[in-house]
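Participant: First, the structure itself, so that you have it in front of you.
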Amino acid sequence: MRAMATAPQTRLDAHRVRADFPIFEQLSHGRPLAFLDSAASSQKPRQMLEAMQRFYETSYANVHRGVYELAERATEALETSREKVRALLNAPDAREIVFVRNATEGLNLVAYAWGLNNLGPGDIVIVTELEHHSNFVPWQYVARRTGADFRLIPLDDQGELQLDALEELARDGDVKVVATGVVSNSLGTVNPVERLSAWAHERGAIMVADAAQAAPHRAVDVVALGCDFLAVSGHKMCGPSGVGALWGRAELLERMEPFLLGGHMIRSVHASQTTWGELPHKFEAGTAPMAEAVGFAAAIDYLQALGFDAIEQHEHELAAYALERLAELPWVTSYGPPAERRAGIVSFNVEGVHPHDVAQVLDYEGVAIRAGHHCCQPLMQKLGVAATNRASFYLYTIPDEIDRLVAGLHKVRRVFG
Ligand SMILES: Cc1ncc(COP(=O)(O)O)c(C=O)c1O
């Protein structure tokens, strides 16, 4: 391993962290697994897996409706998880935390349940050019259905938002929604959500933050961000798949229609009329992701015990190191902002080699990266490419894996050069 570009001491001991993750006990193509695809989904620590198993073995029953001991214990576990998510996001009230399947569902909830009733002709919905499809397509769709205009904050050459375009975007209409990711999943760009929230609120618009790519890696504080809604996915932050959370301001959630309808979300049902339950239940139709929420809470405990500052610093050093190593390769183009303004994600292309071929060669070396449009086709169009390679880092990533990535790229060059 070469010296890292920034301070070589990480306060987080990634080698020790790795011991918590059973997935690293296996080999991939005969080599230790270098998993550089955590932006797509993270690996899982034993502590989280054991918490889910314990719940299934000792406390499993359907929640809320039962009056027997087991159902009460399961309900308490679910509500304890909700409180953990509230504290993670520094949300004012646990009633404002809605369990959803993932960030995508949370963002759809806002687009449908807020957007359909609050948007119309003459209104403007603003998202960004680097948005993940999950915070792009629902808004584009709801804007089209309601007759609102759909506009994009453009990017500059470093993949950062051009905020000086905002006034022009707001011309000839009422801005009603500003929606952006906190951290870009393709470029690692950290977006100025606080400033966008202030700008949105000056115009009476709501601010919707997609923290799917931020919450696993850094402290996320809905009060400090000043947003109105924020969505996260459990599976990207050491939790299980199938659970995420939407935070929304109570006064907005109270005024919204439900998104999904059915059991649990009602107050009373009659042939003539149905009324809705209290928050958050109004938005939680059907059986909750109970064991998943317990796993999500255990993952939050795990991350908090390590400390988000330490995690963020660790990934920042890895990103700086990766950019430095990739810069040694004149036949590699990297995209996105400089290391000091990005999270642990690096997108790049190898001259003359399709990203899928790059990823395939790396796979034989036991290095797992992602190749494709990363659910960011408008960004790919902006970059003028069909796809990129993406290496993304997490708390268990070690610099040696970046060295293996670079060695693998030399091999790609030899194979296709
Ligand atoms: C920035 C961002 N937003 C939203 C999502 C969607 O997450 P999920 O598939 O868990 O809903 C992702 C997933 O890659 C993401 O990176």
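Chains: A, B, ... in order of the structure tokens. Residues: from 1 per chain. Ligands: from 1, in order shown.
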Kindly provide the residues of chain A that approach ligand 1 to within 9 Å, each paired with its closest atom pair and their distance in Å to one decimal, based on only C-alpha atoms and all ligand atoms, listed by chain and increasing number, as CSV.
Facilitator:
```
residue,atom,partner,partner_atom_place_in_ligand_line,distance
A:Ala39,CA,ligand 1,14 (O),6.2
A:Ala40,CA,ligand 1,14 (O),4.9
A:Ser41,CA,ligand 1,14 (O),7.4
A:Arg101,CA,ligand 1,11 (O),7.5
A:Asn102,CA,ligand 1,11 (O),4.3
A:Ala103,CA,ligand 1,11 (O),4.0
A:Thr104,CA,ligand 1,11 (O),3.6
A:Glu105,CA,ligand 1,11 (O),6.4
A:Gly106,CA,ligand 1,11 (O),8.0
A:Leu107,CA,ligand 1,4 (C),8.5
A:Glu131,CA,ligand 1,1 (C),7.0
A:His132,CA,ligand 1,3 (N),5.1
A:His133,CA,ligand 1,4 (C),7.2
A:Ser134,CA,ligand 1,4 (C),5.1
A:Asn135,CA,ligand 1,3 (N),6.6
A:Thr180,CA,ligand 1,1 (C),8.7
A:Gly181,CA,ligand 1,1 (C),5.6
A:Val182,CA,ligand 1,1 (C),7.5
A:Val183,CA,ligand 1,1 (C),6.4
A:Ser184,CA,ligand 1,1 (C),5.4
A:Asn185,CA,ligand 1,16 (O),4.4
A:Ser186,CA,ligand 1,16 (O),7.6
A:Asp210,CA,ligand 1,3 (N),5.7
A:Ala211,CA,ligand 1,1 (C),6.6
A:Ala212,CA,ligand 1,2 (C),4.8
A:Gln213,CA,ligand 1,1 (C),4.9
A:Ala214,CA,ligand 1,1 (C),7.9
A:Ala231,CA,ligand 1,4 (C),8.2
A:Val232,CA,ligand 1,10 (O),7.4
A:Ser233,CA,ligand 1,10 (O),4.8
A:Gly234,CA,ligand 1,10 (O),7.4
A:His235,CA,ligand 1,10 (O),6.7
A:Lys236,CA,ligand 1,10 (O),7.0
A:Ser241,CA,ligand 1,10 (O),7.9
A:Gly242,CA,ligand 1,10 (O),8.3
A:Val243,CA,ligand 1,10 (O),8.4
A:Gly244,CA,ligand 1,10 (O),7.4
A:His374,CA,ligand 1,14 (O),7.1
A:Cys375,CA,ligand 1,14 (O),7.2
```
Participant: Write down as a PyMOL selection string the residues belonging to range 10-220 of chain A that are assigned strand (DSSP E or B) by DSSP computed on the backbone.
Facilitator: chain A and resi 27-28+31-32+34-35+37+97-100+123-128+149-153+155+161+174-181+183+189-190+206-210
Participant: Take the selection from the previous step and output its residues with N, CA and C atoms, as a compact mmCIF listing (two decimals), in the first residue's frame.
Facilitator:
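Final file, again26.txt:
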```txt
# COMPACT_ATOMS: atom_id res chain seq x y z
N LEU A 27 -13.84 -16.08 -0.19
CA LEU A 27 -12.99 -15.58 -1.27
C LEU A 27 -13.87 -15.32 -2.50
N SER A 28 -13.39 -14.43 -3.35
CA SER A 28 -14.07 -14.19 -4.61
C SER A 28 -13.06 -14.46 -5.72
N ARG A 31 -9.67 -14.90 -4.33
CA ARG A 31 -8.99 -13.78 -3.65
C ARG A 31 -9.91 -13.19 -2.60
N PRO A 32 -9.32 -12.48 -1.64
CA PRO A 32 -10.20 -11.80 -0.67
C PRO A 32 -11.14 -10.85 -1.41
N ALA A 34 -12.81 -7.73 -2.46
CA ALA A 34 -12.70 -6.26 -2.34
C ALA A 34 -14.04 -5.69 -2.78
N PHE A 35 -14.89 -5.40 -1.83
CA PHE A 35 -16.26 -4.98 -2.15
C PHE A 35 -16.30 -3.46 -2.25
N ASP A 37 -18.66 -1.62 -3.82
CA ASP A 37 -19.99 -1.27 -4.35
C ASP A 37 -20.97 -0.97 -3.22
N ILE A 97 -41.70 9.97 11.78
CA ILE A 97 -40.90 8.93 11.12
C ILE A 97 -41.84 7.86 10.57
N VAL A 98 -41.86 7.72 9.26
CA VAL A 98 -42.71 6.72 8.61
C VAL A 98 -41.81 5.61 8.08
N PHE A 99 -42.08 4.38 8.48
CA PHE A 99 -41.31 3.26 7.92
C PHE A 99 -41.84 2.97 6.51
N VAL A 100 -40.90 2.87 5.58
CA VAL A 100 -41.23 2.56 4.19
C VAL A 100 -40.31 1.42 3.75
N ASP A 123 -47.08 26.17 -11.58
CA ASP A 123 -46.13 25.80 -10.51
C ASP A 123 -44.87 25.19 -11.11
N ILE A 124 -43.81 25.27 -10.32
CA ILE A 124 -42.51 24.76 -10.79
C ILE A 124 -41.97 23.75 -9.78
N VAL A 125 -41.52 22.62 -10.29
CA VAL A 125 -40.83 21.62 -9.48
C VAL A 125 -39.37 21.59 -9.94
N ILE A 126 -38.46 21.76 -8.99
CA ILE A 126 -37.04 21.81 -9.35
C ILE A 126 -36.30 20.63 -8.73
N VAL A 127 -35.63 19.86 -9.58
CA VAL A 127 -34.70 18.84 -9.08
C VAL A 127 -33.34 19.14 -9.71
N THR A 128 -32.40 18.21 -9.59
CA THR A 128 -31.06 18.52 -10.09
C THR A 128 -30.67 17.58 -11.23
N ASP A 149 -44.51 22.72 -14.12
CA ASP A 149 -43.26 22.69 -14.89
C ASP A 149 -42.21 21.93 -14.11
N PHE A 150 -41.36 21.20 -14.82
CA PHE A 150 -40.31 20.39 -14.19
C PHE A 150 -38.98 20.91 -14.70
N ARG A 151 -38.14 21.39 -13.78
CA ARG A 151 -36.89 22.03 -14.20
C ARG A 151 -35.70 21.47 -13.41
N LEU A 152 -34.51 21.59 -14.01
CA LEU A 152 -33.30 20.98 -13.41
C LEU A 152 -32.26 22.03 -13.07
N ILE A 153 -31.68 21.94 -11.87
CA ILE A 153 -30.52 22.77 -11.54
C ILE A 153 -29.33 22.17 -12.30
N LEU A 155 -25.42 21.39 -13.64
CA LEU A 155 -24.14 21.12 -12.99
C LEU A 155 -23.03 21.90 -13.66
N LEU A 161 -23.57 21.68 -8.18
CA LEU A 161 -24.77 22.41 -8.61
C LEU A 161 -24.45 23.87 -8.87
N ASP A 174 -44.47 29.71 -9.95
CA ASP A 174 -44.31 29.61 -8.50
C ASP A 174 -43.55 28.33 -8.19
N VAL A 175 -42.38 28.49 -7.59
CA VAL A 175 -41.63 27.29 -7.20
C VAL A 175 -42.35 26.66 -6.01
N LYS A 176 -42.71 25.38 -6.15
CA LYS A 176 -43.45 24.69 -5.09
C LYS A 176 -42.63 23.59 -4.44
N VAL A 177 -41.70 23.03 -5.21
CA VAL A 177 -40.89 21.92 -4.69
C VAL A 177 -39.44 22.10 -5.15
N VAL A 178 -38.51 21.94 -4.21
CA VAL A 178 -37.11 21.77 -4.58
C VAL A 178 -36.70 20.42 -4.00
N ALA A 179 -36.16 19.55 -4.84
CA ALA A 179 -35.81 18.19 -4.38
C ALA A 179 -34.39 17.87 -4.81
N THR A 180 -33.58 17.44 -3.86
CA THR A 180 -32.20 17.08 -4.21
C THR A 180 -31.66 16.00 -3.29
N GLY A 181 -30.69 15.27 -3.81
CA GLY A 181 -29.94 14.35 -2.97
C GLY A 181 -29.00 15.14 -2.08
N VAL A 183 -26.13 13.66 -0.97
CA VAL A 183 -24.86 13.23 -1.57
C VAL A 183 -25.20 12.49 -2.86
N THR A 189 -20.67 14.04 -5.03
CA THR A 189 -20.85 15.46 -4.74
C THR A 189 -21.72 15.64 -3.49
N VAL A 190 -21.27 16.53 -2.60
CA VAL A 190 -22.08 16.86 -1.41
C VAL A 190 -22.83 18.15 -1.74
N ILE A 206 -41.58 23.64 -0.72
CA ILE A 206 -41.07 22.63 0.21
C ILE A 206 -39.72 22.13 -0.29
N MET A 207 -38.90 21.67 0.65
CA MET A 207 -37.58 21.14 0.32
C MET A 207 -37.57 19.64 0.64
N VAL A 208 -37.28 18.83 -0.36
CA VAL A 208 -37.27 17.38 -0.20
C VAL A 208 -35.82 16.89 -0.36
N ALA A 209 -35.30 16.24 0.67
CA ALA A 209 -33.90 15.79 0.64
C ALA A 209 -33.87 14.26 0.56
N ASP A 210 -33.09 13.77 -0.38
CA ASP A 210 -32.87 12.33 -0.51
C ASP A 210 -31.53 12.03 0.16
```
Participant: Using only C-alpha atoms, which residues sit within 6 Å of range 396-409 of chain A once same-chain residues fewer than 4 positions away are excluded, as a PyMOL selection string?
Facilitator: chain A and resi 1+14+17-18+34+362
Participant: Env of range 45-56 of chain A: 12 Å cut, atoms = only C-alpha atoms, seq-sep filter 3 positions within chain, self excluded. Answer as a ChimeraX atom specification.
Facilitator: /A:16-24,42,59-62,70-71,73-78,81,234-235,237-241,289-303,305,395-396
Participant: If DSSP is run on the backbone, what residues of range 196-247 of chain A are helix (DSSP H, G or I)? A reply as a list in words would be ideal.
Facilitator: Leu196, Ser197, Ala198, Trp199, Ala200, His201, Glu202, Val222, Val223, Ala224, Leu225, Gly234, His235, Lys236 and Met237 of chain A
Participant: Please write the residues from the selection above to a file, keeping N, CA and C atoms, as a compact mmCIF listing (two decimals), in the first residue's frame.
Facilitator:
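Saved the output as out-v9.txt:
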```txt
# COMPACT_ATOMS: atom_id res chain seq x y z
N LEU A 196 -30.21 25.45 -0.28
CA LEU A 196 -31.39 25.20 -1.11
C LEU A 196 -32.67 25.25 -0.29
N SER A 197 -32.58 24.75 0.96
CA SER A 197 -33.77 24.80 1.84
C SER A 197 -34.16 26.26 2.07
N ALA A 198 -33.16 27.09 2.37
CA ALA A 198 -33.45 28.50 2.65
C ALA A 198 -34.07 29.16 1.42
N TRP A 199 -33.50 28.86 0.26
CA TRP A 199 -34.00 29.44 -1.00
C TRP A 199 -35.44 28.97 -1.26
N ALA A 200 -35.67 27.67 -1.06
CA ALA A 200 -37.02 27.11 -1.29
C ALA A 200 -38.03 27.79 -0.37
N HIS A 201 -37.66 27.93 0.90
CA HIS A 201 -38.61 28.47 1.87
C HIS A 201 -38.90 29.95 1.61
N GLU A 202 -37.89 30.68 1.12
CA GLU A 202 -38.15 32.09 0.76
C GLU A 202 -39.28 32.20 -0.25
N VAL A 222 -32.01 16.76 10.27
CA VAL A 222 -33.07 17.40 9.47
C VAL A 222 -33.29 18.85 9.88
N VAL A 223 -33.01 19.15 11.16
CA VAL A 223 -33.18 20.54 11.61
C VAL A 223 -32.10 21.41 10.97
N ALA A 224 -30.86 20.94 11.02
CA ALA A 224 -29.76 21.72 10.43
C ALA A 224 -29.93 21.84 8.92
N LEU A 225 -30.39 20.79 8.26
CA LEU A 225 -30.56 20.85 6.81
C LEU A 225 -31.71 21.78 6.43
N GLY A 234 -32.50 1.64 4.70
CA GLY A 234 -31.74 0.88 5.69
C GLY A 234 -30.62 0.05 5.09
N HIS A 235 -30.87 -0.49 3.88
CA HIS A 235 -29.91 -1.47 3.33
C HIS A 235 -28.57 -0.86 2.94
N LYS A 236 -28.54 0.46 2.76
CA LYS A 236 -27.26 1.10 2.41
C LYS A 236 -26.44 1.44 3.64
N MET A 237 -27.02 1.24 4.82
CA MET A 237 -26.34 1.64 6.05
C MET A 237 -26.26 0.48 7.05
```
Participant: Find, counting only C-alpha atoms, the residue in A:Gly204, A:Gly188, A:Gly226, A:Gly263 that gets nearest to Gln158 in chain A.
Facilitator: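 The closest residue to Gln158 in chain A is A:Gly188.
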Participant: Just want the 7 Å neighbourhood of Pro138 in chain A, counted on only C-alpha atoms, with same-chain residues fewer than 4 positions away dropped. Output as a list in words.
Facilitator: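 Listing them by chain and then by number gives Asn108, Ala111, Ser134 and Val142 of chain A.
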Participant: Near range 321-329 of chain A, counting only C-alpha atoms, which residues have an atom at most 12 Å away, once you skip same-chain residues fewer than 3 positions from it, shown as a PDB file with C-alpha atoms, in the first residue's frame?
Facilitator:
```pdb
ATOM      1  CA  MET A   1       0.000   0.000   0.000  1.00  0.00           C
ATOM      2  CA  ARG A   2       1.248   3.496  -0.871  1.00  0.00           C
ATOM      3  CA  ALA A   3       1.072   6.388   1.561  1.00  0.00           C
ATOM      4  CA  MET A   4      -2.435   7.864   1.587  1.00  0.00           C
ATOM      5  CA  ALA A   5      -2.852  11.363   0.188  1.00  0.00           C
ATOM      6  CA  THR A   6      -4.131  12.814   3.433  1.00  0.00           C
ATOM      7  CA  ALA A   7      -3.320  11.967   7.054  1.00  0.00           C
ATOM      8  CA  PRO A   8      -2.637   8.223   6.984  1.00  0.00           C
ATOM      9  CA  LEU A  36     -16.246  -1.513  -3.703  1.00  0.00           C
ATOM     10  CA  LEU A 187     -20.075  11.570  -8.312  1.00  0.00           C
ATOM     11  CA  GLY A 188     -19.973  11.750  -4.518  1.00  0.00           C
ATOM     12  CA  HIS A 314     -12.218   7.356   6.901  1.00  0.00           C
ATOM     13  CA  GLU A 315     -14.158   7.473   3.642  1.00  0.00           C
ATOM     14  CA  HIS A 316     -12.889  10.923   2.829  1.00  0.00           C
ATOM     15  CA  GLU A 317      -9.304   9.683   3.108  1.00  0.00           C
ATOM     16  CA  LEU A 318     -10.117   6.693   0.923  1.00  0.00           C
ATOM     17  CA  VAL A 332      -8.457   7.005 -16.927  1.00  0.00           C
ATOM     18  CA  THR A 333     -10.932   9.896 -16.730  1.00  0.00           C
ATOM     19  CA  SER A 334     -12.420  10.599 -13.280  1.00  0.00           C
ATOM     20  CA  TYR A 335     -15.619  12.591 -12.840  1.00  0.00           C
ATOM     21  CA  GLY A 336     -16.800  14.818 -10.034  1.00  0.00           C
ATOM     22  CA  PRO A 337     -15.514  17.370  -7.554  1.00  0.00           C
ATOM     23  CA  PRO A 338     -12.149  17.401  -5.776  1.00  0.00           C
ATOM     24  CA  ALA A 339     -11.676  15.094  -2.804  1.00  0.00           C
ATOM     25  CA  GLU A 340     -12.288  17.779  -0.191  1.00  0.00           C
ATOM     26  CA  ARG A 342     -16.944  14.751  -2.067  1.00  0.00           C
ATOM     27  CA  ALA A 343     -17.979  11.611  -0.202  1.00  0.00           C
ATOM     28  CA  GLY A 344     -16.426   8.151  -0.650  1.00  0.00           C
ATOM     29  CA  ILE A 345     -17.526   7.597  -4.241  1.00  0.00           C
ATOM     30  CA  VAL A 346     -15.369   7.722  -7.366  1.00  0.00           C
ATOM     31  CA  SER A 347     -16.738   7.437 -10.917  1.00  0.00           C
ATOM     32  CA  PHE A 348     -14.361   6.977 -13.823  1.00  0.00           C
ATOM     33  CA  ASN A 349     -13.901   5.590 -17.317  1.00  0.00           C
ATOM     34  CA  VAL A 350     -11.019   3.747 -18.941  1.00  0.00           C
ATOM     35  CA  GLU A 351     -10.205   5.086 -22.385  1.00  0.00           C
ATOM     36  CA  ARG A 390     -18.013   3.468  -9.916  1.00  0.00           C
ATOM     37  CA  ALA A 391     -16.003   2.448  -6.875  1.00  0.00           C
ATOM     38  CA  SER A 392     -17.658   3.299  -3.575  1.00  0.00           C
ATOM     39  CA  PHE A 393     -16.218   2.942  -0.106  1.00  0.00           C
ATOM     40  CA  THR A 397     -12.971  -0.524   3.007  1.00  0.00           C
ATOM     41  CA  ILE A 398      -9.187  -0.636   3.333  1.00  0.00           C
ATOM     42  CA  PRO A 399      -6.615   1.205   1.155  1.00  0.00           C
ATOM     43  CA  ASP A 400      -5.242  -2.125  -0.048  1.00  0.00           C
ATOM     44  CA  GLU A 401      -8.504  -2.626  -1.925  1.00  0.00           C
ATOM     45  CA  ILE A 402      -7.924   0.622  -3.812  1.00  0.00           C
ATOM     46  CA  ASP A 403      -4.447  -0.622  -4.726  1.00  0.00           C
ATOM     47  CA  ARG A 404      -6.058  -3.798  -6.024  1.00  0.00           C
ATOM     48  CA  LEU A 405      -8.520  -1.693  -8.021  1.00  0.00           C
ATOM     49  CA  VAL A 406      -5.647   0.200  -9.645  1.00  0.00           C
ATOM     50  CA  ALA A 407      -3.693  -3.019 -10.318  1.00  0.00           C
ATOM     51  CA  GLY A 408      -6.857  -4.423 -11.893  1.00  0.00           C
ATOM     52  CA  LEU A 409      -7.160  -1.362 -14.135  1.00  0.00           C
ATOM     53  CA  HIS A 410      -3.609  -1.964 -15.384  1.00  0.00           C
ATOM     54  CA  VAL A 412      -7.802  -4.032 -18.083  1.00  0.00           C
ATOM     55  CA  ARG A 413      -5.414  -1.868 -20.089  1.00  0.00           C
TER      56      ARG A 413
END
```
Participant: Which residue, A:Arg11, A:Asp93, A:Glu167, A:Gly384, has the smallest gap to Glu312 in chain A when you use only C-alpha atoms?
Facilitator: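 Among A:Arg11, A:Asp93, A:Glu167, A:Gly384, it is A:Arg11 that comes nearest to Glu312 in chain A.
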